[in-house]
Each structure stands twice: as C-alpha cells, then as structure tokens.
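Chemist: Have a peek at structure17.cif (mmCIF, C-alpha atoms).
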```
data_structure
#
loop_
_atom_site.label_atom_id
_atom_site.label_comp_id
_atom_site.auth_asym_id
_atom_site.auth_seq_id
_atom_site.Cartn_x
_atom_site.Cartn_y
_atom_site.Cartn_z
CA MET A 16 -123.17 73.75 -91.26
CA ILE A 17 -124.69 73.86 -94.73
CA TYR A 18 -127.77 76.03 -95.21
CA THR A 19 -130.08 75.74 -98.21
CA VAL A 20 -132.65 78.37 -99.15
CA THR A 21 -135.88 77.50 -100.96
CA PHE A 22 -138.15 80.48 -101.48
CA ASN A 23 -140.92 78.50 -103.13
CA PRO A 24 -141.09 74.87 -101.88
CA ALA A 25 -143.45 72.51 -103.64
CA VAL A 26 -145.39 69.30 -103.47
CA ASP A 27 -144.75 67.49 -106.76
CA TYR A 28 -147.70 65.30 -107.77
CA CYS A 29 -146.43 62.94 -110.48
CA ILE A 30 -148.95 61.16 -112.69
CA HIS A 31 -147.93 58.29 -115.00
CA MET A 32 -150.05 57.89 -118.14
CA GLU A 33 -149.91 56.27 -121.56
CA ALA A 34 -150.98 59.51 -123.26
CA VAL A 35 -152.80 62.75 -122.50
CA ARG A 36 -156.05 63.43 -124.38
CA VAL A 37 -156.95 67.11 -124.12
CA GLY A 38 -160.61 67.77 -123.37
CA GLU A 39 -161.28 64.23 -122.16
CA VAL A 40 -161.21 62.37 -118.86
CA ASN A 41 -157.73 60.87 -118.39
CA ARG A 42 -156.90 58.09 -115.95
CA SER A 43 -153.45 57.47 -114.58
CA LYS A 44 -151.47 54.24 -114.40
CA GLY A 45 -149.94 55.35 -111.12
CA GLU A 46 -149.15 58.36 -108.95
CA GLU A 47 -146.28 59.50 -106.75
CA ILE A 48 -145.83 62.46 -104.42
CA PHE A 49 -142.48 64.14 -103.79
CA PHE A 50 -141.64 67.11 -101.59
CA GLY A 51 -139.12 69.53 -102.94
CA GLY A 52 -137.93 72.78 -104.38
CA LYS A 53 -134.33 73.25 -105.47
CA GLY A 54 -132.77 74.00 -102.08
CA ILE A 55 -134.76 71.22 -100.42
CA ASN A 56 -133.52 68.80 -103.08
CA VAL A 57 -129.95 69.77 -102.20
CA SER A 58 -130.62 69.11 -98.51
CA VAL A 59 -132.13 65.69 -99.24
CA VAL A 60 -129.15 64.54 -101.30
CA LEU A 61 -126.69 65.93 -98.74
CA LYS A 62 -128.45 63.77 -96.14
CA GLU A 63 -127.92 60.73 -98.38
CA LEU A 64 -124.21 61.62 -98.45
CA GLY A 65 -124.00 61.83 -94.67
CA LEU A 66 -123.88 65.63 -94.33
CA ARG A 67 -126.17 67.75 -92.19
CA SER A 68 -127.89 70.81 -93.55
CA ARG A 69 -130.59 73.21 -92.47
CA ALA A 70 -133.35 74.00 -94.95
CA LEU A 71 -134.56 77.61 -94.85
CA GLY A 72 -137.41 79.20 -96.75
CA PHE A 73 -141.15 79.84 -96.61
CA VAL A 74 -144.11 77.49 -96.18
CA ALA A 75 -147.84 78.10 -96.11
CA GLY A 76 -151.06 76.19 -95.65
CA PHE A 77 -151.62 72.44 -95.51
CA THR A 78 -149.07 71.76 -98.26
CA GLY A 79 -146.40 73.74 -96.43
CA GLN A 80 -147.13 71.80 -93.26
CA ALA A 81 -146.75 68.52 -95.17
CA ILE A 82 -143.40 69.65 -96.63
CA GLU A 83 -142.04 70.61 -93.22
CA LEU A 84 -143.26 67.41 -91.53
CA TRP A 85 -141.73 65.25 -94.28
CA LEU A 86 -138.34 66.98 -94.00
CA LYS A 87 -138.27 66.63 -90.23
CA GLY A 88 -139.28 62.98 -90.57
CA SER A 89 -136.38 62.52 -92.97
CA GLY A 90 -133.95 63.85 -90.37
CA ILE A 91 -133.36 67.24 -92.01
CA ASP A 92 -133.25 70.37 -89.87
CA THR A 93 -135.64 73.12 -90.96
CA GLY A 94 -135.93 76.84 -90.41
CA PHE A 95 -139.01 77.78 -92.41
CA VAL A 96 -140.93 81.01 -91.98
CA ARG A 97 -144.64 80.23 -91.89
CA LEU A 98 -146.98 82.42 -93.92
CA GLU A 99 -150.53 83.08 -92.78
CA GLN A 100 -152.01 83.37 -96.27
CA GLY A 101 -152.06 80.99 -99.21
CA PHE A 102 -150.45 77.56 -99.51
CA SER A 103 -147.17 76.18 -100.73
CA ARG A 104 -147.46 75.32 -104.41
CA ILE A 105 -148.43 72.03 -105.96
CA ASN A 106 -146.70 71.06 -109.20
CA VAL A 107 -148.38 68.48 -111.40
CA LYS A 108 -145.90 66.38 -113.40
CA ILE A 109 -147.57 64.39 -116.17
CA LYS A 110 -145.28 61.59 -117.33
CA ALA A 111 -146.58 60.16 -120.61
CA SER A 112 -145.02 59.83 -124.07
CA ALA A 113 -143.79 63.38 -123.41
CA GLU A 114 -143.38 64.99 -119.99
CA THR A 115 -145.69 67.92 -119.19
CA ASP A 116 -145.36 70.10 -116.09
CA LEU A 117 -148.06 72.28 -114.55
CA ASN A 118 -146.27 74.34 -111.90
CA GLY A 119 -148.13 76.31 -109.25
CA GLN A 120 -147.26 79.90 -108.41
CA GLY A 121 -147.02 79.67 -104.62
CA PRO A 122 -148.00 82.21 -101.95
CA ASP A 123 -147.12 85.90 -101.77
CA ILE A 124 -144.34 86.67 -99.29
CA PRO A 125 -144.89 89.95 -97.38
CA SER A 126 -141.91 92.13 -96.46
CA GLU A 127 -142.21 91.44 -92.72
CA LYS A 128 -141.88 87.69 -93.37
CA LEU A 129 -138.81 88.30 -95.49
CA GLU A 130 -137.31 90.15 -92.54
CA GLU A 131 -137.91 87.05 -90.39
CA LEU A 132 -135.89 84.99 -92.84
CA PHE A 133 -133.09 87.54 -92.87
CA ALA A 134 -132.95 87.39 -89.06
CA MET A 135 -132.25 83.65 -89.38
CA LEU A 136 -129.18 84.43 -91.48
CA ASP A 137 -127.49 85.78 -88.35
CA GLU A 138 -126.77 82.20 -87.28
CA ILE A 139 -124.60 81.61 -90.36
CA GLY A 140 -120.93 82.14 -89.55
CA ASP A 141 -117.36 81.47 -90.56
CA GLY A 142 -116.86 78.12 -92.27
CA ASP A 143 -120.53 77.63 -93.12
CA THR A 144 -121.97 77.10 -96.61
CA ILE A 145 -125.15 78.61 -98.05
CA VAL A 146 -126.85 77.32 -101.20
CA LEU A 147 -129.07 79.75 -103.13
CA SER A 148 -130.83 78.00 -105.98
CA GLY A 149 -133.65 78.49 -108.40
CA SER A 150 -135.95 81.26 -109.47
CA ILE A 151 -137.73 83.52 -107.01
CA PRO A 152 -141.46 84.23 -106.52
CA PRO A 153 -142.76 87.46 -108.10
CA SER A 154 -143.61 88.87 -104.65
CA LEU A 155 -139.90 89.02 -103.72
CA PRO A 156 -137.47 91.74 -104.85
CA PRO A 157 -135.39 90.67 -107.89
CA ASP A 158 -132.15 91.42 -106.03
CA ILE A 159 -132.93 89.07 -103.14
CA TYR A 160 -129.85 86.88 -103.70
CA GLU A 161 -127.65 89.98 -103.70
CA LYS A 162 -129.21 91.17 -100.46
CA ILE A 163 -128.52 87.82 -98.79
CA LEU A 164 -124.87 87.80 -99.88
CA GLU A 165 -124.51 91.44 -98.86
CA LYS A 166 -125.73 90.54 -95.37
CA LEU A 167 -123.21 87.70 -95.17
CA GLU A 168 -120.33 89.78 -96.51
CA GLY A 169 -117.32 89.81 -94.19
CA ARG A 170 -118.01 86.31 -92.88
CA ARG A 171 -116.04 83.41 -94.32
CA VAL A 172 -119.12 81.76 -95.81
CA ARG A 173 -119.04 79.63 -98.97
CA ALA A 174 -121.88 80.83 -101.18
CA VAL A 175 -123.21 78.51 -103.88
CA VAL A 176 -125.48 80.10 -106.50
CA ASP A 177 -127.49 77.94 -108.91
CA ALA A 178 -129.54 80.45 -110.86
CA ALA A 179 -129.88 81.93 -114.32
CA GLY A 180 -129.61 85.32 -115.98
CA GLU A 181 -129.38 88.53 -113.97
CA LEU A 182 -130.15 86.63 -110.77
CA LEU A 183 -126.77 84.92 -111.16
CA LEU A 184 -124.81 87.81 -112.65
CA ASN A 185 -125.76 90.20 -109.88
CA THR A 186 -124.22 87.94 -107.21
CA LEU A 187 -120.77 87.81 -108.81
CA LYS A 188 -119.52 90.97 -107.08
CA TYR A 189 -119.71 88.99 -103.80
CA ARG A 190 -117.35 86.32 -105.16
CA PRO A 191 -119.53 83.23 -104.67
CA PHE A 192 -117.58 80.04 -104.03
CA LEU A 193 -119.49 78.22 -106.78
CA VAL A 194 -121.88 79.09 -109.57
CA LYS A 195 -123.55 76.30 -111.56
CA PRO A 196 -125.19 77.27 -114.83
CA ASN A 197 -125.99 74.62 -117.39
CA ASP A 198 -124.54 75.03 -120.87
CA TYR A 199 -127.70 76.70 -122.19
CA GLU A 200 -127.81 79.18 -119.29
CA LEU A 201 -124.10 79.91 -119.72
CA GLY A 202 -124.69 80.75 -123.37
CA GLU A 203 -127.66 82.96 -122.52
CA LEU A 204 -125.49 85.06 -120.21
CA PHE A 205 -123.23 86.02 -123.12
CA GLY A 206 -125.62 85.76 -126.07
CA VAL A 207 -123.87 82.71 -127.55
CA LYS A 208 -124.42 78.96 -127.99
CA PRO A 209 -121.31 77.19 -126.70
CA ASP A 210 -121.09 73.70 -128.16
CA THR A 211 -117.56 72.51 -127.49
CA THR A 212 -115.67 72.04 -124.25
CA GLU A 213 -113.26 74.77 -125.32
CA GLU A 214 -116.11 77.25 -125.78
CA ILE A 215 -117.62 76.35 -122.43
CA VAL A 216 -114.25 76.83 -120.72
CA GLU A 217 -113.86 80.22 -122.42
CA TYR A 218 -117.16 81.56 -121.09
CA ALA A 219 -116.77 79.89 -117.70
CA ARG A 220 -113.49 81.78 -117.35
CA ARG A 221 -115.34 84.97 -118.19
CA LEU A 222 -117.64 84.31 -115.23
CA LYS A 223 -114.55 83.78 -113.08
CA GLY A 224 -113.21 87.11 -114.27
CA MET A 225 -116.48 88.69 -113.13
CA GLY A 226 -116.10 87.30 -109.61
CA ALA A 227 -117.05 83.60 -109.42
CA VAL A 228 -114.47 81.47 -107.61
CA ASN A 229 -115.46 78.15 -109.22
CA VAL A 230 -117.69 77.66 -112.26
CA LEU A 231 -119.41 74.31 -112.75
CA VAL A 232 -121.26 73.87 -116.05
CA SER A 233 -123.61 70.91 -116.37
CA ARG A 234 -124.12 69.50 -119.87
CA ALA A 235 -126.79 66.81 -119.38
CA GLY A 236 -125.78 63.79 -121.49
CA ASP A 237 -122.41 65.36 -122.29
CA GLY A 238 -121.23 65.42 -118.66
CA ALA A 239 -119.88 68.51 -116.92
CA VAL A 240 -117.01 70.99 -117.01
CA LEU A 241 -115.45 72.73 -114.02
CA VAL A 242 -113.09 75.69 -114.05
CA ASP A 243 -111.72 75.83 -110.52
CA GLU A 244 -110.39 78.63 -108.34
CA GLY A 245 -106.85 78.09 -109.67
CA ASN A 246 -108.14 78.29 -113.25
CA GLY A 247 -107.68 74.54 -113.67
CA VAL A 248 -110.04 72.75 -116.04
CA HIS A 249 -111.74 69.47 -115.10
CA VAL A 250 -113.95 67.54 -117.53
CA CYS A 251 -116.17 64.64 -116.52
CA GLY A 252 -118.24 62.48 -118.86
CA ALA A 253 -121.81 61.54 -118.13
CA CYS A 254 -122.74 58.37 -116.26
CA SER A 255 -124.30 55.45 -118.13
CA GLY A 256 -127.93 54.69 -117.44
CA THR A 257 -131.54 55.13 -118.54
CA VAL A 258 -132.92 58.61 -117.89
CA ARG A 259 -136.21 58.37 -115.98
CA ASN A 260 -136.43 61.74 -114.29
CA SER A 261 -135.47 65.30 -115.19
CA VAL A 262 -136.36 66.90 -111.85
CA GLY A 263 -133.61 67.56 -109.32
CA ALA A 264 -130.59 66.29 -111.26
CA GLY A 265 -128.90 69.71 -111.21
CA ASP A 266 -129.66 70.12 -107.50
CA SER A 267 -128.17 66.69 -106.85
CA MET A 268 -125.02 67.71 -108.74
CA VAL A 269 -124.71 70.77 -106.49
CA ALA A 270 -125.12 68.59 -103.38
CA GLY A 271 -122.52 66.10 -104.58
CA PHE A 272 -120.03 68.80 -105.48
CA VAL A 273 -120.43 70.56 -102.13
CA ALA A 274 -120.08 67.24 -100.31
CA GLY A 275 -116.97 66.44 -102.32
CA CYS A 276 -115.41 69.73 -101.26
CA LEU A 277 -116.15 69.11 -97.59
CA GLY A 278 -114.83 65.57 -97.32
CA VAL A 279 -114.00 62.37 -99.12
CA PRO A 280 -116.05 59.19 -98.60
CA ALA A 281 -114.35 55.93 -97.79
CA ALA A 282 -113.89 53.36 -100.53
CA ASP A 283 -116.79 51.31 -99.16
CA GLY A 284 -119.13 54.31 -99.17
CA GLN A 285 -119.18 54.89 -95.43
CA ALA A 286 -119.90 58.35 -94.07
CA TRP A 287 -117.34 61.09 -93.54
CA ASN A 288 -115.88 61.59 -90.11
CA LEU A 289 -117.69 64.84 -89.41
CA THR A 290 -115.90 65.34 -86.11
CA THR A 291 -112.40 65.54 -87.55
CA GLY A 292 -113.45 66.79 -90.98
CA ASN A 293 -111.64 64.02 -92.84
CA GLY A 294 -111.86 60.40 -93.82
CA PRO A 295 -110.08 57.76 -95.88
CA ALA A 296 -109.97 58.48 -99.58
CA ALA A 297 -110.70 55.93 -102.28
CA ASP A 298 -106.99 55.20 -102.61
CA GLY A 299 -106.64 54.64 -98.86
CA GLN A 300 -104.88 57.95 -98.21
CA ALA A 301 -106.16 60.32 -95.56
CA TRP A 302 -107.88 63.46 -96.77
CA ASP A 303 -106.49 66.63 -95.24
CA ALA A 304 -109.19 69.29 -94.82
CA ALA A 305 -106.52 71.98 -94.58
CA ALA A 306 -105.24 71.08 -98.04
CA GLY A 307 -108.41 72.38 -99.66
CA CYS A 308 -110.86 70.84 -102.09
CA ASP A 309 -109.96 68.02 -104.45
CA TYR A 310 -111.90 69.56 -107.33
CA GLY A 311 -111.57 66.58 -109.64
CA PHE A 312 -113.16 64.35 -107.03
CA ALA A 313 -115.86 66.93 -106.21
CA LEU A 314 -116.78 67.08 -109.90
CA ARG A 315 -117.04 63.28 -110.14
CA LEU A 316 -119.15 63.04 -106.99
CA GLY A 317 -121.42 65.82 -108.27
CA THR A 318 -121.76 64.11 -111.63
CA ALA A 319 -122.55 60.77 -109.97
CA ALA A 320 -125.20 62.37 -107.75
CA GLY A 321 -126.79 64.12 -110.72
CA GLY A 322 -126.81 60.90 -112.71
CA ALA A 323 -128.27 58.91 -109.83
CA THR A 324 -131.25 61.26 -109.72
CA ALA A 325 -131.68 61.27 -113.50
CA PHE A 326 -131.78 57.46 -113.51
CA SER A 327 -134.26 57.26 -110.59
CA HIS A 328 -137.94 58.10 -110.16
CA GLY A 329 -137.04 60.42 -107.27
CA LEU A 330 -133.90 61.96 -105.83
CA ALA A 331 -130.58 60.13 -105.73
CA GLY A 332 -130.03 57.42 -103.15
CA ARG A 333 -126.71 56.82 -101.43
CA GLU A 334 -125.99 53.40 -102.94
CA ASP A 335 -126.73 54.58 -106.48
CA ILE A 336 -124.46 57.62 -106.07
CA PHE A 337 -121.49 55.54 -104.97
CA ARG A 338 -122.15 52.92 -107.67
CA LEU A 339 -121.98 55.62 -110.36
CA LEU A 340 -118.98 57.24 -108.67
CA ARG A 341 -117.06 53.99 -109.12
CA GLN A 342 -118.08 54.08 -112.79
CA LEU A 343 -116.40 57.51 -113.13
CA SER A 344 -113.24 56.76 -111.16
#
```
Spell out the structure here as structure tokens.
Modeler:
Amino acid sequence: MIYTVTFNPAVDYCIHMEAVRVGEVNRSKGEEIFFGGKGINVSVVLKELGLRSRALGFVAGFTGQAIELWLKGSGIDTGFVRLEQGFSRINVKIKASAETDLNGQGPDIPSEKLEELFAMLDEIGDGDTIVLSGSIPPSLPPDIYEKILEKLEGRRVRAVVDAAGELLLNTLKYRPFLVKPNDYELGELFGVKPDTTEEIVEYARRLKGMGAVNVLVSRAGDGAVLVDEGNGVHVCGACSGTVRNSVGAGDSMVAGFVAGCLGVPAADGQAWNLTTGNGPAADGQAWDAAAGCDYGFALRLGTAAGGATAFSHGLAGREDIFRLLRQLS
C-alpha cells in the first residue's frame, strides 16, 4: 500500500480574470474548485494510474469535510484525523495576466491529535511506501518528518520526501528511497545555482552521499534529472505542450515516478496487474518485480505525469499521461 501524508489540505478556489484592479470590485470570467494539498495530489494521480493509496493527514470544519467527502467519492481511501477547532484552509488562485495566490494558514494541530496520526502509522509495514511532501503548519514541530521516519525505522518501507531546506536534509539519515527537490531547491541546499546537467548531477550525488537512495531533480521546462541508487544518471527532456497550470505538477511527477517503480503499464495504457505485481511492458516483455525498478522508465512516467498536470487546468488525467509518455519513449 502507498500512504500519502498531507498535514495541511486545502480547497483551492481558482478565479479566472482578465486583470486584477487593486482597490476596485473585480468580476471573474469563471471559477473552479479543486481539493488538494501535496500528498492528496499524489494520491489523486496514483488513482489515475491504477494504484491504490491511503491519504492521511488532518481536516477541520466544513472545508475539511468537503475534502474528505470528495476523496472518498473519487475512490481514494482516507485516514484523516478530524480537528475540533478551525477549518481546513482555502487557497484563492487568481489566474489573470499574472497568477496570484492567496494561501490560507489552516488550523492549529494540538499534540494529542498528532499522536492520533502517529498511531495510524502502525499499519504501515514491510513493502509499503509513504510519501511525505510539502511544508508543515507552524503548529507542528519542525522535525515532524524525522519523527515519522524514526517511527518507521526497521520496517522495509520506501520513504519518499518532497520538501525543501532543513525539512529535507534532516530526513537523510533515515535513507529515504527518493527525495525530489527542484533545481532551485537543490541549489539552496548547498548555496549554489546549478545551471547545467553536470552541476545538478554533482549536487544530487552529494545528497546521495548524505543518505538519499535516489535523487530526482525537476527542472520545469528543462525536464528532469535522476541519480539512481546505483549512481546511474538518467536525463529526461520536458514534454511539449502549453502550460496552463503550475499547481501539482511536482506532486504528479512524484506519483508517476512511484508508480513507475511499482509496475509497468501495458502498451495500450491498461492498468497494472496488482495481484501479481507485474504487467506487460511497452516492448511486450514481462516486467519482473523482483528485478527492481526500471529507473529510466520511472523517470519518463514521472515526467509525463508532471507535464500532463502542467498542461491541464487540474491534475493529470490517465489518457494525457500515457499520451505524453509515448512522446518521451
């Protein structure tokens, strides 16, 4: 089972406008509502790729209830801790000539509720995957990701960490299966500005030396670079398309990469055989789960999923992911 953790889920209220006039009444051309948060985004895209996950985290108030109901209606298992005070945040996304975000803070999370979440981690066992992504609310301890990985230590759990700064660095001693900084975040970790593939590989290998098993660096329009557990380097160019959305592309890349490591889709885009753990590969050969991850394929699937979200008004859909995957093959 794949578990995703979203400490601060959100309702994204997207408003489309010609322009924003400060201090005046503005009227929209259209509105959309999306339910998300980084871990939730991963779960949604995994569902599109035919893989089950369980979304963990905290919800509060009428917005939290709406988030949970929408996920369940979408066929995604949930394990949210419900808070008595406050409400899950609302983020206002103004899409005009430039994109402006007004992100809510979200509710405070008391220590006893955090303990409830930690009790849920007991169900995670050997062979499972946990995805920790995004920033954390100010009411939580700054070492929360470390504490989660410490609790899971000794179990054969794949940990995926998509975070920045100290939040990422402090997890490396637990040897996470995957870390996914973007190129800017990678540079921030070492006080540099890596521009070339060679520079990105150099600093990705430094992260590996500090404990990361695989390092995936997203580069927006320049594609992505992966340094895998065997120190192999994989480079994938970006997909072709018109960028319509900047929200959730990195989360979609994580979902695609994880899915690519857990199985290979058939050439016609059918689902994995989740019972046997394998399925026909694009070249017609059977994929052997015991042989380990095909990292080149996982990178392409992650890149296709990220591109499919960037080119959509919401999160990536299954057909768009496989269409872009064929573009990269």
Chemist: Here is a test: counting all atoms listed in the file, which residue of A:Glu127, A:Asp143, A:Glu217, A:Glu114 is nearest to A:Asn246?
Modeler: A:Glu217
Chemist: Once the PyMOL selection byres ((chain A and resi 169) around 12) has been evaluated on this model, what residues remain selected, and can you format them as a PyMOL selection string?
Modeler: chain A and resi 139-142+164-168+170-173+189-190
Chemist: Next, dump the selected residues to file, keeping only C-alpha atoms, as a PDB file, keeping the file's coordinate frame.
Modeler:
```
ATOM      1  CA  ILE A 139    -124.600  81.610 -90.360  1.00  0.00           C
ATOM      2  CA  GLY A 140    -120.930  82.140 -89.550  1.00  0.00           C
ATOM      3  CA  ASP A 141    -117.360  81.470 -90.560  1.00  0.00           C
ATOM      4  CA  GLY A 142    -116.860  78.120 -92.270  1.00  0.00           C
ATOM      5  CA  LEU A 164    -124.870  87.800 -99.880  1.00  0.00           C
ATOM      6  CA  GLU A 165    -124.510  91.440 -98.860  1.00  0.00           C
ATOM      7  CA  LYS A 166    -125.730  90.540 -95.370  1.00  0.00           C
ATOM      8  CA  LEU A 167    -123.210  87.700 -95.170  1.00  0.00           C
ATOM      9  CA  GLU A 168    -120.330  89.780 -96.510  1.00  0.00           C
ATOM     10  CA  ARG A 170    -118.010  86.310 -92.880  1.00  0.00           C
ATOM     11  CA  ARG A 171    -116.040  83.410 -94.320  1.00  0.00           C
ATOM     12  CA  VAL A 172    -119.120  81.760 -95.810  1.00  0.00           C
ATOM     13  CA  ARG A 173    -119.040  79.630 -98.970  1.00  0.00           C
ATOM     14  CA  TYR A 189    -119.710  88.990-103.800  1.00  0.00           C
ATOM     15  CA  ARG A 190    -117.350  86.320-105.160  1.00  0.00           C
TER      16      ARG A 190
END
```
Chemist: For this structure, which residues satisfy the selection - the PyMOL selection byres ((chain A and resi 79) around 10) - when it is evaluated on the file as given? I want them as a PDB file with C-alpha atoms, keeping the file's coordinate frame.
Modeler:
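Writing the result to part-v2.pdb gives the following:
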```pdb
ATOM      1  CA  ASN A  23    -140.920  78.500-103.130  1.00  0.00           C
ATOM      2  CA  PRO A  24    -141.090  74.870-101.880  1.00  0.00           C
ATOM      3  CA  ALA A  25    -143.450  72.510-103.640  1.00  0.00           C
ATOM      4  CA  VAL A  26    -145.390  69.300-103.470  1.00  0.00           C
ATOM      5  CA  PHE A  50    -141.640  67.110-101.590  1.00  0.00           C
ATOM      6  CA  PHE A  73    -141.150  79.840 -96.610  1.00  0.00           C
ATOM      7  CA  VAL A  74    -144.110  77.490 -96.180  1.00  0.00           C
ATOM      8  CA  ALA A  75    -147.840  78.100 -96.110  1.00  0.00           C
ATOM      9  CA  GLY A  76    -151.060  76.190 -95.650  1.00  0.00           C
ATOM     10  CA  PHE A  77    -151.620  72.440 -95.510  1.00  0.00           C
ATOM     11  CA  THR A  78    -149.070  71.760 -98.260  1.00  0.00           C
ATOM     12  CA  GLN A  80    -147.130  71.800 -93.260  1.00  0.00           C
ATOM     13  CA  ALA A  81    -146.750  68.520 -95.170  1.00  0.00           C
ATOM     14  CA  ILE A  82    -143.400  69.650 -96.630  1.00  0.00           C
ATOM     15  CA  GLU A  83    -142.040  70.610 -93.220  1.00  0.00           C
ATOM     16  CA  LEU A  84    -143.260  67.410 -91.530  1.00  0.00           C
ATOM     17  CA  TRP A  85    -141.730  65.250 -94.280  1.00  0.00           C
ATOM     18  CA  PHE A  95    -139.010  77.780 -92.410  1.00  0.00           C
ATOM     19  CA  ARG A  97    -144.640  80.230 -91.890  1.00  0.00           C
ATOM     20  CA  LEU A  98    -146.980  82.420 -93.920  1.00  0.00           C
ATOM     21  CA  GLY A 101    -152.060  80.990 -99.210  1.00  0.00           C
ATOM     22  CA  PHE A 102    -150.450  77.560 -99.510  1.00  0.00           C
ATOM     23  CA  SER A 103    -147.170  76.180-100.730  1.00  0.00           C
ATOM     24  CA  ARG A 104    -147.460  75.320-104.410  1.00  0.00           C
ATOM     25  CA  ILE A 105    -148.430  72.030-105.960  1.00  0.00           C
TER      26      ILE A 105
END
```
Chemist: Suppose a student applies the PyMOL selection byres ((chain A and resi 147) around 6) to this structure; what residues should they get, written as a list in words?
Modeler: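 On this input, the PyMOL selection byres ((chain A and resi 147) around 6) captures Val20, Val146, Ser148 and Val176 of chain A.
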Chemist: Can you pull out the residues contacting A:Asn185? Cut-off 12 Å, using only C-alpha atoms, and skip same-chain residues under 5 positions away; I want them as a ChimeraX atom specification.
Modeler: /A:157-165,176,178-180,190-191,194,204,222,225-227
Chemist: For a test of reading the model, state the distance in Å between atom CA of A:Val240 and atom CA of A:Ser150, rounded to one decimal.
Modeler: 22.8 Å
